[in-house]
Amino acid sequence: MENLPKICVDTTDAFMTTERFGTREEVIRWIKEVGIDNKITVIISRSDTETGKRGRSNKIIFGCDKGGKHKISDSGTQSASKKCGCPFKIRSTPAKDGSGWKIDVKCGLHNHGLPDRLEGHSFIGRLTTDEKQHVADLTKRHVAPRNILLSLQDKFPENVTRITQVYKHKSVIEKEIRGPRSEIQHLFKLIEDAGYVYWSRKKDDSEVVREIFWAHPDSVKLLNIFPIVLVMDSTYKTNKYRQPLFEIVGMTSTELTFAVGFAYMESEQTENFCWVLEKLKELFVKKDMCPQVILTDRDLALMKAIEVVFPNSINLLCRFHINKNVGAKCKQHVVNDLQKTIDTLWMEVVWASDEVEYGQRLHQLEQACVDYSGFINYVKDTWLTPHRHRFVGAWINRVLHLGNTTTNRVESAHWKLKQMLGNSIGDMVKCWEAMNNNLRLQLGNIRASFQKSFYEVENAHVSPFYGYLRGSVSRAALRRIAEELLRVDYVGTNRQICGCTLRTSYGLPCACELGRYRVGGIPIPIDAVHVHWRKLTMEVELEIGEDDGSEVDMTAVMDELWRRFRSLDVVGKRALMSRVCELAYPTMTTLCPPPEKIKTKGGVKKKGKKPTDYDVYRDPSYHEYVDKASQSSQRQSQPSQTSKKIKLSKKQPQFIVQFPNHIRSYIEDVVNVESDGNCGFRVIASLHGYGEDGWSMVRRELGLELIDKDRSTLYDKLFSNRLSAVRESLMIESFGSQPPEKWMSLPDMGYLIANRYNVVLVCLGNPCITFFPMTGSHSPNVSIYCIGFVNQNHWVQVNMKEGFPLPPVTLDWKKFRSHIATTWMLGFAGRMQHLQLLTPVLA
């Protein structure tokens, strides 16, 4: 014990015991519990079991987790170890008299201090069996990991687990549930188990899923009970494949929204929409049944598909988005003082009750906009002339839309689904699970609303006037009737004054009808209410029409399959059998999800550049662009997409005003590069001697740097849970223009560039930063690459004068660099101090 350092903790008494233990598991459990009570992490340093062979005997040697020596690595990266040669040692062997396992404390001393808590300890923080079950239960309920950790700490006060352990166990649970099945196989298994109706199709000559459509069995039932109005729209950022999600919703008699079906589509072309709508059509039990009204945005491809699949349905357009677009156009063309007046006149046009009033209101709008021909032409050419019958009150008030004049229902459904999803990086299985859970909550609310209409009566409806309707009509309908009743004193029984909008658009008795019932002293008859409002249950069997019975009889089909199977040769039989097996055993499918992130939007980026394979593309909402008008000046200052490297005059380099005042005098020249999303990598390629067009080589080499075995530990610590995102940003799908997520971003790329090419990288922007290599020592002949960030979206090459001052380094460089890399700051200390002195004087 002479070699022990000054710190010495004696825990001998804590482990001294005469107790005998029946099994080795009891010994291990007791010693570890005593260790935790004394803030010691006891581990099994050696174990042996008697097998009859010479030298083998039952024994367990326990030690401290700080025992042993730290192995020094030559990797050059920072490393740490808890090992300090702690001499603590306990030996346990079975007693010779057979009374059980005994404990012998060989050394109870520790050459280190003991912590106050074991928070974050990798060994003590392991989840117990009960804790693992708790994590599994909360994971099933889609509780966020941070909330799972808080729940663990509440339920198990002594728990010292960190959130990393929660993430790891969640991953283990997901792998155990899925087993050896592929993503699509597991998806089909879940769909089959839940009784969903679904279809899918694959790309030609491949096993990749092109579209997939599914609908809950209760959603199918609700669709056939309430088929009058459907609202459709696409949403994005729901899955890691970037496929758009097309959602279809309807409305119950209690005015609650129900999801009809979901479809992941390859793209938003007319052909894709037609396939989805054809599957929707198959959900109707009766052949002649179809929605009376379909409400959408002004998506030309979807509108065209509706005309093809549901030619008898009325396609209304969302008033909300139309008004937003018109308001945005008004802000662009009309002076501020008149904007409010013109907005009011426009709303009067939209809400006109008949065609005469529509003409009058439109004339007033034209008079007010006599000096703004661009605005009034946009309003008439884009909306009123081709589509007024789809959103103006004079026409849609004659349509039974049940109050649905916007796509707010489906937009709200999108929001609720994304709240359940939590993020947009999940696969199709996670998306389906979120949808399924959302549907379960939705269906529960719908059933409860039916029960309330059955058994609860609002105070406003206790009058005998509603006697025939109470318990037979939804409370939502009764509220609208009660509101309409207030108009009776003004309208009386005059139909012209009434307008009968509630009758034509809601299917409910309007003011003039109610006036006649009141004058006659009779309650409102049940037949005066549209059958939609009288359906208060979904526990009914779907009725099949007389002519539709053959659709569910597969006898003839199976007979034909057998006949064809017998007539084929061996190869033909195998081919037919494989096709039938795909239907019979969906969980054995060979389908796979899209292998890469694909383009989802059908919109055209440049006018006149319509894709050759797009028949009708999405017309983006105008208001989406108005908020970005402030960026137009920046775009004008940028070079064209085809411009090459431009060397500017030394007297006044381009972009120089965008750099800090105190550094401008050191700038000799600014070299521009093509602005295609690869500009940052183009600058590095040019500085490194590859030429501007060698940007793809830079991306590849930085990707290799990220997975370099010698530096893997460094980047794991530096980027932590963002490591995969950094790697993903370097991978591209094509050599054309890149989206923002693929642009070069600092500080992440700064570390990689400095390390890969062993250079000093200086970034001039807001803020200005210097990046030194993080693993090697200072080199006097090192190259200094200087780049600049301009227009908030573009990188350029900046040529500096010799000896220019250097900006400061990042805190993460100081935190994670190797010890030998400190020499970089020492070598450039003078130039860095120069900038610190210069900044307050010239800034």
# chains A, B, ... in the order shown; residues from 1 in each chain; ligands from 1
$ residues_around --residues "Val698 of chain A" --least-positions-apart "2" --cutoff "9 Å" --atoms "only C-alpha atoms" --output "number ranges by chain"
A: 681-682, 684-685, 690, 694-696, 700-703, 753
$ write_last_selection --atoms "all heavy atoms" --output "mmCIF file, in the first residue's frame"
data_model
loop_
_atom_site.group_PDB
_atom_site.id
_atom_site.type_symbol
_atom_site.label_atom_id
_atom_site.label_comp_id
_atom_site.auth_asym_id
_atom_site.auth_seq_id
_atom_site.Cartn_x
_atom_site.Cartn_y
_atom_site.Cartn_z
ATOM 1 N N PHE A 681 -18.105 24.825 -52.610
ATOM 2 C CA PHE A 681 -17.173 23.772 -52.995
ATOM 3 C C PHE A 681 -16.394 24.166 -54.249
ATOM 4 O O PHE A 681 -15.246 23.745 -54.435
ATOM 5 C CB PHE A 681 -17.937 22.466 -53.214
ATOM 6 C CG PHE A 681 -18.695 22.019 -51.997
ATOM 7 C CD1 PHE A 681 -20.052 22.270 -51.898
ATOM 8 C CD2 PHE A 681 -18.057 21.392 -50.955
ATOM 9 C CE1 PHE A 681 -20.770 21.873 -50.782
ATOM 10 C CE2 PHE A 681 -18.762 20.997 -49.832
ATOM 11 C CZ PHE A 681 -20.130 21.236 -49.739
ATOM 12 N N ARG A 682 -17.000 24.995 -55.113
ATOM 13 C CA ARG A 682 -16.284 25.499 -56.286
ATOM 14 C C ARG A 682 -15.104 26.382 -55.849
ATOM 15 O O ARG A 682 -14.010 26.321 -56.432
ATOM 16 C CB ARG A 682 -17.225 26.301 -57.184
ATOM 17 C CG ARG A 682 -18.233 25.454 -57.957
ATOM 18 C CD ARG A 682 -19.142 26.337 -58.804
ATOM 19 N NE ARG A 682 -20.085 25.548 -59.583
ATOM 20 C CZ ARG A 682 -19.820 25.009 -60.767
ATOM 21 N NH1 ARG A 682 -18.625 25.214 -61.313
ATOM 22 N NH2 ARG A 682 -20.724 24.301 -61.409
ATOM 23 N N ILE A 684 -13.402 26.265 -52.995
ATOM 24 C CA ILE A 684 -12.355 25.429 -52.408
ATOM 25 C C ILE A 684 -11.610 24.673 -53.510
ATOM 26 O O ILE A 684 -10.380 24.552 -53.483
ATOM 27 C CB ILE A 684 -12.953 24.451 -51.391
ATOM 28 C CG1 ILE A 684 -13.641 25.212 -50.246
ATOM 29 C CG2 ILE A 684 -11.896 23.516 -50.831
ATOM 30 C CD1 ILE A 684 -12.725 26.150 -49.486
ATOM 31 N N ALA A 685 -12.344 24.162 -54.500
ATOM 32 C CA ALA A 685 -11.701 23.444 -55.603
ATOM 33 C C ALA A 685 -10.749 24.357 -56.364
ATOM 34 O O ALA A 685 -9.643 23.956 -56.751
ATOM 35 C CB ALA A 685 -12.765 22.880 -56.546
ATOM 36 N N TYR A 690 -7.804 22.413 -58.261
ATOM 37 C CA TYR A 690 -8.612 21.529 -59.088
ATOM 38 C C TYR A 690 -9.325 22.282 -60.203
ATOM 39 O O TYR A 690 -9.813 21.684 -61.156
ATOM 40 C CB TYR A 690 -9.677 20.827 -58.242
ATOM 41 C CG TYR A 690 -9.145 19.815 -57.252
ATOM 42 C CD1 TYR A 690 -9.897 19.433 -56.156
ATOM 43 C CD2 TYR A 690 -7.905 19.227 -57.426
ATOM 44 C CE1 TYR A 690 -9.421 18.499 -55.236
ATOM 45 C CE2 TYR A 690 -7.411 18.302 -56.522
ATOM 46 C CZ TYR A 690 -8.178 17.941 -55.426
ATOM 47 O OH TYR A 690 -7.698 17.025 -54.534
ATOM 48 N N GLY A 694 -13.953 21.370 -60.427
ATOM 49 C CA GLY A 694 -13.585 20.216 -59.609
ATOM 50 C C GLY A 694 -14.328 20.161 -58.290
ATOM 51 O O GLY A 694 -13.909 19.470 -57.352
ATOM 52 N N TRP A 695 -15.449 20.882 -58.189
ATOM 53 C CA TRP A 695 -16.217 20.928 -56.933
ATOM 54 C C TRP A 695 -16.693 19.548 -56.484
ATOM 55 O O TRP A 695 -16.784 19.271 -55.287
ATOM 56 C CB TRP A 695 -17.406 21.872 -57.086
ATOM 57 C CG TRP A 695 -18.367 21.496 -58.182
ATOM 58 C CD1 TRP A 695 -18.353 21.933 -59.457
ATOM 59 C CD2 TRP A 695 -19.482 20.594 -58.087
ATOM 60 N NE1 TRP A 695 -19.372 21.384 -60.177
ATOM 61 C CE2 TRP A 695 -20.095 20.552 -59.366
ATOM 62 C CE3 TRP A 695 -20.028 19.836 -57.072
ATOM 63 C CZ2 TRP A 695 -21.199 19.767 -59.638
ATOM 64 C CZ3 TRP A 695 -21.139 19.051 -57.324
ATOM 65 C CH2 TRP A 695 -21.716 19.019 -58.596
ATOM 66 N N SER A 696 -17.015 18.666 -57.456
ATOM 67 C CA SER A 696 -17.504 17.339 -57.074
ATOM 68 C C SER A 696 -16.408 16.529 -56.381
ATOM 69 O O SER A 696 -16.685 15.715 -55.504
ATOM 70 C CB SER A 696 -18.010 16.591 -58.312
ATOM 71 O OG SER A 696 -16.976 16.434 -59.267
ATOM 72 N N ARG A 700 -16.515 14.816 -52.610
ATOM 73 C CA ARG A 700 -16.163 13.415 -52.372
ATOM 74 C C ARG A 700 -15.065 13.296 -51.319
ATOM 75 O O ARG A 700 -15.135 12.459 -50.419
ATOM 76 C CB ARG A 700 -15.718 12.771 -53.685
ATOM 77 C CG ARG A 700 -15.332 11.302 -53.557
ATOM 78 C CD ARG A 700 -14.989 10.720 -54.918
ATOM 79 N NE ARG A 700 -14.573 9.325 -54.795
ATOM 80 C CZ ARG A 700 -13.330 8.944 -54.510
ATOM 81 N NH1 ARG A 700 -12.392 9.870 -54.343
ATOM 82 N NH2 ARG A 700 -13.018 7.671 -54.410
ATOM 83 N N GLU A 701 -14.040 14.142 -51.409
ATOM 84 C CA GLU A 701 -12.930 14.057 -50.471
ATOM 85 C C GLU A 701 -13.345 14.453 -49.056
ATOM 86 O O GLU A 701 -12.873 13.868 -48.078
ATOM 87 C CB GLU A 701 -11.774 14.938 -50.964
ATOM 88 C CG GLU A 701 -11.099 14.369 -52.215
ATOM 89 C CD GLU A 701 -10.055 15.301 -52.790
ATOM 90 O OE1 GLU A 701 -9.946 16.438 -52.289
ATOM 91 O OE2 GLU A 701 -9.349 14.903 -53.726
ATOM 92 N N LEU A 702 -14.236 15.407 -48.917
ATOM 93 C CA LEU A 702 -14.740 15.767 -47.588
ATOM 94 C C LEU A 702 -15.587 14.642 -47.011
ATOM 95 O O LEU A 702 -15.596 14.415 -45.795
ATOM 96 C CB LEU A 702 -15.537 17.066 -47.658
ATOM 97 C CG LEU A 702 -14.755 18.316 -48.064
ATOM 98 C CD1 LEU A 702 -15.641 19.544 -47.991
ATOM 99 C CD2 LEU A 702 -13.535 18.503 -47.191
ATOM 100 N N GLY A 703 -16.325 13.936 -47.893
ATOM 101 C CA GLY A 703 -17.077 12.767 -47.434
ATOM 102 C C GLY A 703 -16.154 11.676 -46.932
ATOM 103 O O GLY A 703 -16.432 11.019 -45.911
ATOM 104 N N ILE A 753 -12.600 20.888 -44.116
ATOM 105 C CA ILE A 753 -11.678 21.423 -45.121
ATOM 106 C C ILE A 753 -10.281 21.604 -44.533
ATOM 107 O O ILE A 753 -9.278 21.208 -45.125
ATOM 108 C CB ILE A 753 -12.225 22.754 -45.675
ATOM 109 C CG1 ILE A 753 -13.511 22.507 -46.484
ATOM 110 C CG2 ILE A 753 -11.187 23.459 -46.542
ATOM 111 C CD1 ILE A 753 -14.275 23.771 -46.817
#
$ residues_around --residues "Phe454 of chain A" --least-positions-apart "6" --cutoff "10 Å" --atoms "only C-alpha atoms" --output "list of chain:residue names"
A:Ala448, A:Arg470, A:Gly471, A:Ser472, A:Val473, A:Ser474, A:Arg475, A:Leu536, A:Thr537
$ closest_atom_pairs --of "segment 406-514 of chain A" --to "segment 161-182 of chain A" --cutoff "12 Å" --atoms "only C-alpha atoms" --output "CSV"
residue,atom,partner,partner_atom,distance
A:Asp427,CA,A:Ser182,CA,11.4
A:Met428,CA,A:Ser182,CA,11.2
A:Val429,CA,A:Arg178,CA,9.8
A:Lys430,CA,A:Glu174,CA,10.2
$ residues_around --residues "Asn315 of chain A" --least-positions-apart "2" --cutoff "12 Å" --atoms "only C-alpha atoms" --output "PyMOL selection string"
chain A and resi 229-232+291-300+302-313+317-318+387-391+396+399-401+404-406
$ atom_distance --atom1 "atom CA of Asn272 of chain A" --atom2 "atom CA of Ala215 of chain A"
17.4 Å
$ select_by_dssp --residues "segment 182-217 of chain A" --states "alpha helix (DSSP H)" --output "MDAnalysis selection string"
chainID A and resid 183:193 217
$ write_last_selection --atoms "N, CA and C atoms" --output "compact mmCIF listing (two decimals), in the first residue's frame"
# COMPACT_ATOMS: atom_id res chain seq x y z
N GLU A 183 -38.90 -3.02 -44.83
CA GLU A 183 -39.82 -1.94 -44.47
C GLU A 183 -41.20 -2.15 -45.07
N ILE A 184 -41.28 -2.45 -46.34
CA ILE A 184 -42.59 -2.62 -47.00
C ILE A 184 -43.28 -3.89 -46.50
N GLN A 185 -42.54 -4.96 -46.25
CA GLN A 185 -43.14 -6.17 -45.70
C GLN A 185 -43.76 -5.90 -44.34
N HIS A 186 -43.03 -5.16 -43.51
CA HIS A 186 -43.56 -4.85 -42.18
C HIS A 186 -44.77 -3.91 -42.29
N LEU A 187 -44.71 -2.97 -43.23
CA LEU A 187 -45.84 -2.07 -43.44
C LEU A 187 -47.08 -2.86 -43.84
N PHE A 188 -46.95 -3.78 -44.79
CA PHE A 188 -48.10 -4.57 -45.22
C PHE A 188 -48.62 -5.45 -44.09
N LYS A 189 -47.74 -5.94 -43.24
CA LYS A 189 -48.19 -6.75 -42.10
C LYS A 189 -49.05 -5.91 -41.16
N LEU A 190 -48.60 -4.69 -40.86
CA LEU A 190 -49.38 -3.81 -39.98
C LEU A 190 -50.72 -3.46 -40.61
N ILE A 191 -50.70 -3.18 -41.91
CA ILE A 191 -51.94 -2.83 -42.60
C ILE A 191 -52.91 -4.01 -42.59
N GLU A 192 -52.39 -5.20 -42.86
CA GLU A 192 -53.24 -6.40 -42.87
C GLU A 192 -53.82 -6.67 -41.48
N ASP A 193 -52.97 -6.56 -40.45
CA ASP A 193 -53.44 -6.83 -39.08
C ASP A 193 -54.53 -5.86 -38.65
N PRO A 217 -60.76 0.71 -42.21
CA PRO A 217 -62.10 0.13 -42.46
C PRO A 217 -63.24 1.02 -41.97
$ atom_distance --atom1 "atom CA of Ala352 of chain A" --atom2 "atom CA of Gln367 of chain A"
17.2 Å
$ residues_around --residues "Trp415 of chain A" --least-positions-apart "6" --cutoff "12 Å" --atoms "only C-alpha atoms" --output "short mmCIF file (atom, residue, chain, number, x, y, z; two decimals) with C-alpha atoms, in the first residue's frame"
data_model
loop_
_atom_site.label_atom_id
_atom_site.label_comp_id
_atom_site.auth_asym_id
_atom_site.auth_seq_id
_atom_site.Cartn_x
_atom_site.Cartn_y
_atom_site.Cartn_z
CA SER A 234 -51.22 17.29 -50.60
CA THR A 235 -48.72 17.95 -47.85
CA TYR A 236 -44.96 17.57 -47.72
CA LYS A 237 -42.12 16.82 -45.30
CA THR A 238 -43.74 13.76 -43.76
CA GLU A 247 -54.89 13.18 -47.93
CA ASN A 408 -59.19 24.25 -43.86
CA ARG A 409 -60.44 20.80 -42.90
CA LEU A 421 -45.30 12.34 -36.63
CA GLY A 422 -42.96 14.66 -34.77
CA ASN A 423 -40.43 14.88 -37.62
CA MET A 435 -51.75 7.99 -39.10
CA ASN A 438 -54.39 9.75 -35.21
#
$ residues_around --residues "Ile225 of chain A" --least-positions-apart "5" --cutoff "12 Å" --atoms "only C-alpha atoms" --output "list in words"
Asp218, Ser219, Val220, Gly250, Met251, Thr252, Ser253, Phe258, Val260, Leu283, Phe284, Val285, Lys286, Met289, Cys290, Pro291, Val531, His532, Trp533, Arg534, Lys535, Leu536, Thr537, Met538, Glu539, Val540, Glu541, Leu542 and Glu543 of chain A
$ atom_distance --atom1 "atom CA of Ile656 of chain A" --atom2 "atom CA of Gly788 of chain A"
9.6 Å
$ closest_residue --among "A:Met265, A:Val9, A:Leu811, A:Val160" --to "Arg126 of chain A" --atoms "only C-alpha atoms"
A:Val160
$ closest_residue --among "A:Leu439, A:Leu486, A:Ile784, A:Cys107" --to "Tyr196 of chain A" --atoms "only C-alpha atoms"
A:Leu439
$ closest_residue --among "A:Trp275, A:Tyr241, A:Phe156, A:Phe804" --to "Glu668 of chain A" --atoms "only C-alpha atoms"
A:Phe804
$ residues_around --residues "segment 16-26 of chain A" --least-positions-apart "5" --cutoff "12 Å" --atoms "only C-alpha atoms" --output "ChimeraX atom specification"
/A:10-11,31-34,44,47-49,58-61,90-108
